[in-house]
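So the structure is just underneath, and the comments pick up after that.
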Amino acid sequence: MRKLLLLFFVFLSFGQSIFAQDESVNFRHGRLKNGLTYYIRRTASSPGRADFYLVQNVGALMEEEEQNGLAHVLEHMAFHATDNFPEGVPAFLKRHGISNFNAYTGHDETVYNVNNVPTASKSLVDSCILILRDWSGFLKLYPEEMEIERQVIQEERRAGMDLATRLQTRANFFIYNGSKYATHDVIGSVEVLQNFTAEQVRNYYKDFYRSDLQAVIILGDINVEEVEAEVKRLFIPISRRENPKPRLVYDISDSPEPQYYKLIDKDVPTNGMVLMKRFRKNPVNSLRDMLREDLMREFYNKIMRDHLAECMESNDLAFLDASIGIFDIVRDYEGLNMMVSSLPGQEIEALEQLMEQMVRVHQTVITTEKLRAMASGYLKRLEQFKLQKDKFPNNMYLQMYQNNFLLGYPISEFKQNIDTTEAILNSLTAEDFKKWIARWFDDDRNWIYIMQGNNADYPFPAEEQISAVMRSARDWTFGSGEEREKLSSDGVLVDFEISAGKIVKEKALKPIGAVEWTLSNGAKVFFKYTDHNKGMFNVLLGSRGGRSLLPAEDLPSADAMVALFLKSGLYKYGTRELNALVQEHSINLDISLEETSESINCTSTTRDADFAFQFLHLVVEKARFDKAAFDKYVYVNKLMLAHSRKTTDDTINDVLRDLRMVKSPRLWVRDVRYYEAMDYEKMVRVFKERYQNASDFS
């Protein structure tokens with residue numbers, strides 16, 4: 001899945017012509033006359049190291065029926081003998097201390113990589129470029145080595161058929177509507193894997209391992225001029241293929257009516273419903289199109305996630321768990337994914353309640369005011385990322401260059417990305433979102449209803465019942481929700497006077513360039529300035545003790561404390577109010593209770609420092625744990641436990657646990673007894689004892 005923030009940090013121009021390149025010392029990009037595309041980038045994130053990639057715009061969809069699975073077989077064969085590495089690429093790399101190399105095959109692409117290569121030796125860098133050249137079309141493909149990989153992949157297929165894979169494989173026919181995406185699932189068919197011939201593998205290889213479908217990407221601490229010259233020296237002599245086999249693009253046809261399917265497997269622990277709506281991605285014709293689509297999806301998923309988390313505080317809901325979001329499916333397609341698990345026999349009631357919340361979000365929660373508040377926090381993070389531009393990780397550039405090569409997405413300058421994003425954020429309205437939502441919400445096409453459980457006789461809702469709820473939901477209307485978003489903190493969370501303490505002792509820690517302060521409340525503070533993440537700061541509060549200081553009977557309550565931390569809000573702010581306040585700022589805070597220590601970790605931007613320290617103060621002094629939220633947590637977990645069944649993996653894990661561990665009252669099994677041992681008063685006491693003694697912390 002593309003990550004929006006990875007697309008912001010590009011400050012390079014893009015040329016379309018053959019041999020086009022930026023004259024910068026940091027970046028070269030071009031296309032050779034034989035069709036091969038290259039991207040060469042000097043980066044500073046890993047001094048003295050570089051990463052090498054060969055990206056191929058071909059995958060399992062290019063296979064003929066008798067080749068089903070052979071794109072993956074061919075990927076394995078690339079690690080056997082090649083023209084310049086007769087012992088195989090791994091043998092050469094391991095002799096030079098390089099162990100980070102791999103490849104993957106997808107529906108539409110195949111990618112090879114060698115990572116973390118020392119660049120002090122030019123000959124080693126040149127050898128890695130030679131590896132990419134050999135992978136591009138100079139494999140030996142000996143039949144005896146294919147027999148080795150036949151056994152390896154058959155075992156890989158067998159071992160990979162866990163519960164999730166079994167369910168996914170069966171669901172794919174409906175998700176992909178019987179298209180080639182469903183029938184060519186990369187791992188291939190058992191029949192082909194058992195019976196393929198060397199000639200069948202070579203046929204796929206000859207058809208599709210060719211320069212016009214390939215890109216070389218090299219990123220790291222390199223001399224881009226020298227690397228570009230070596231790429232040209234090795235790849236220009238490769239001839240362009242005459243009359244190449246077309247690289248087809250495969251579509252998924254529309255389903256006018258919903259498709260309904262029951263996924264029954266003895267290892268499914270609990271019943272649930274998954275409803276998916278497949279739709280084409282909006283075309284990307286510009287940088288603005290690309291960034292706008294990603295922003296809309298990211299904002300939508302966050303708003304929906306936060307809203308459902310607020311809903312889960314209620315005791316009046318029939319659904320025990322639920323999620324809604326927009327996610328990538330395959331190239332050119334994305335989908336709405338809804339998951340809901342309910343009280344037994346209340347699936348329709350749970351679905352109605354979930355759809356009500358979804359429509360409420362569409363109509364009353366997504367307001368222009370809310371979008372402005374989210375944009376404010378987002379723009380603050382952008383300012384911080386500007387300070388990081390010299391240390392962006394290699395995988396950020398890899399993602400961008402792959403998307404450019406495979407999908408035609410633009411490469412653009414860093415400033416242009418920032419300016420375009422700011423323009424989008426400043427103009428985004430609720431009306432824009434309503435149009436975006438209408439694109440996939442307002443019709444019956446391409447819905448997939450999947451009922452998931454372990455009992456074929458369980459009375460799941462019928463297709464007609466589900467469709468009736470979905471259709472009626474589109475006609476529901478709710479009043480304006482503008483009043484929800486009036487809350488604004490102006491950077492102030494603490495509305496009471498705090499008695500200031502003092503630094504009573506100061507000590508320079510010269511070997512590490514830091515300072516140690518002892519505060520009047522007994523806490524020790526170690527401070528060090530670092531420019532590793534410019535514009536950001538981190539506060540880690542740590543103390544010794546942890547779970548080891550708690551009696552065995554309190555451990556379940558301690559686990560509940562960690563699970564419910566911030567789930568009821570903070571201080572006088574409920575979850576809804578806290579979300580509204582925090583969305584304008586950039587802060588990440590979590591707690592940890594380990595066996596021999598406890599900690600609070602807070603990360604934020606310099607611009608939000610005041611807000612972050614107020615938040616941290618309230619976490620320690622004014623933590624909030626609601627009794628109703630605790631009771632629901634215990635009730636729901638006991639209920640789910642009562643209506644679940646052990647899977648094969650559960651049974652194996654139980655046996656392994658008994659073999660590895662000595663029986664002890666401190667080693668709780670998460671059964672009914674475990675949840676019955678949870679106690680609200682103990683939970684609150686554990687937090688106070690472990691986190692509210694400042695003198696115990698550094």
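Ligands are numbered from 1 in the order shown, residues from 1 within each chain, and chains are lettered A, B, ... in the order they appear in the structure tokens.
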What residues in region 425-648 of chain A get the DSSP label strand (DSSP E)? Please answer as a PyMOL selection string.
chain A and resi 447-453+503-509+514-519+524-527+536-544+587-593+597-605
Would you pick out the contacts of region 620-622 of chain A at 7 Å or less, using only C-alpha atoms, so that residues sharing its chain but fewer than 3 positions from it are not included, and give the list as a ChimeraX atom specification?
/A:570-571,616-617,691-692
Identify which of the residues A:Gln465, A:Trp668, A:Met470, A:Lys534 lies closest to Pro556 (chain A), counting only C-alpha atoms when measuring atom-to-atom distances.
A:Trp668
From a DSSP pass on the backbone, collect the residues of region 56-243 of chain A flagged as helix (DSSP H, G or I) and hand them back as an NGL selection string.
:A and (60-62 or 65-67 or 70-77 or 89-95 or 122-137 or 143-159 or 163-175 or 180-183 or 190-195 or 198-208 or 211-213 or 224-235)
Which is closest to Ala44 (chain A) among A:Tyr142, A:Tyr397, A:Ile348, A:Ser127, if we use only C-alpha atoms?
A:Tyr397
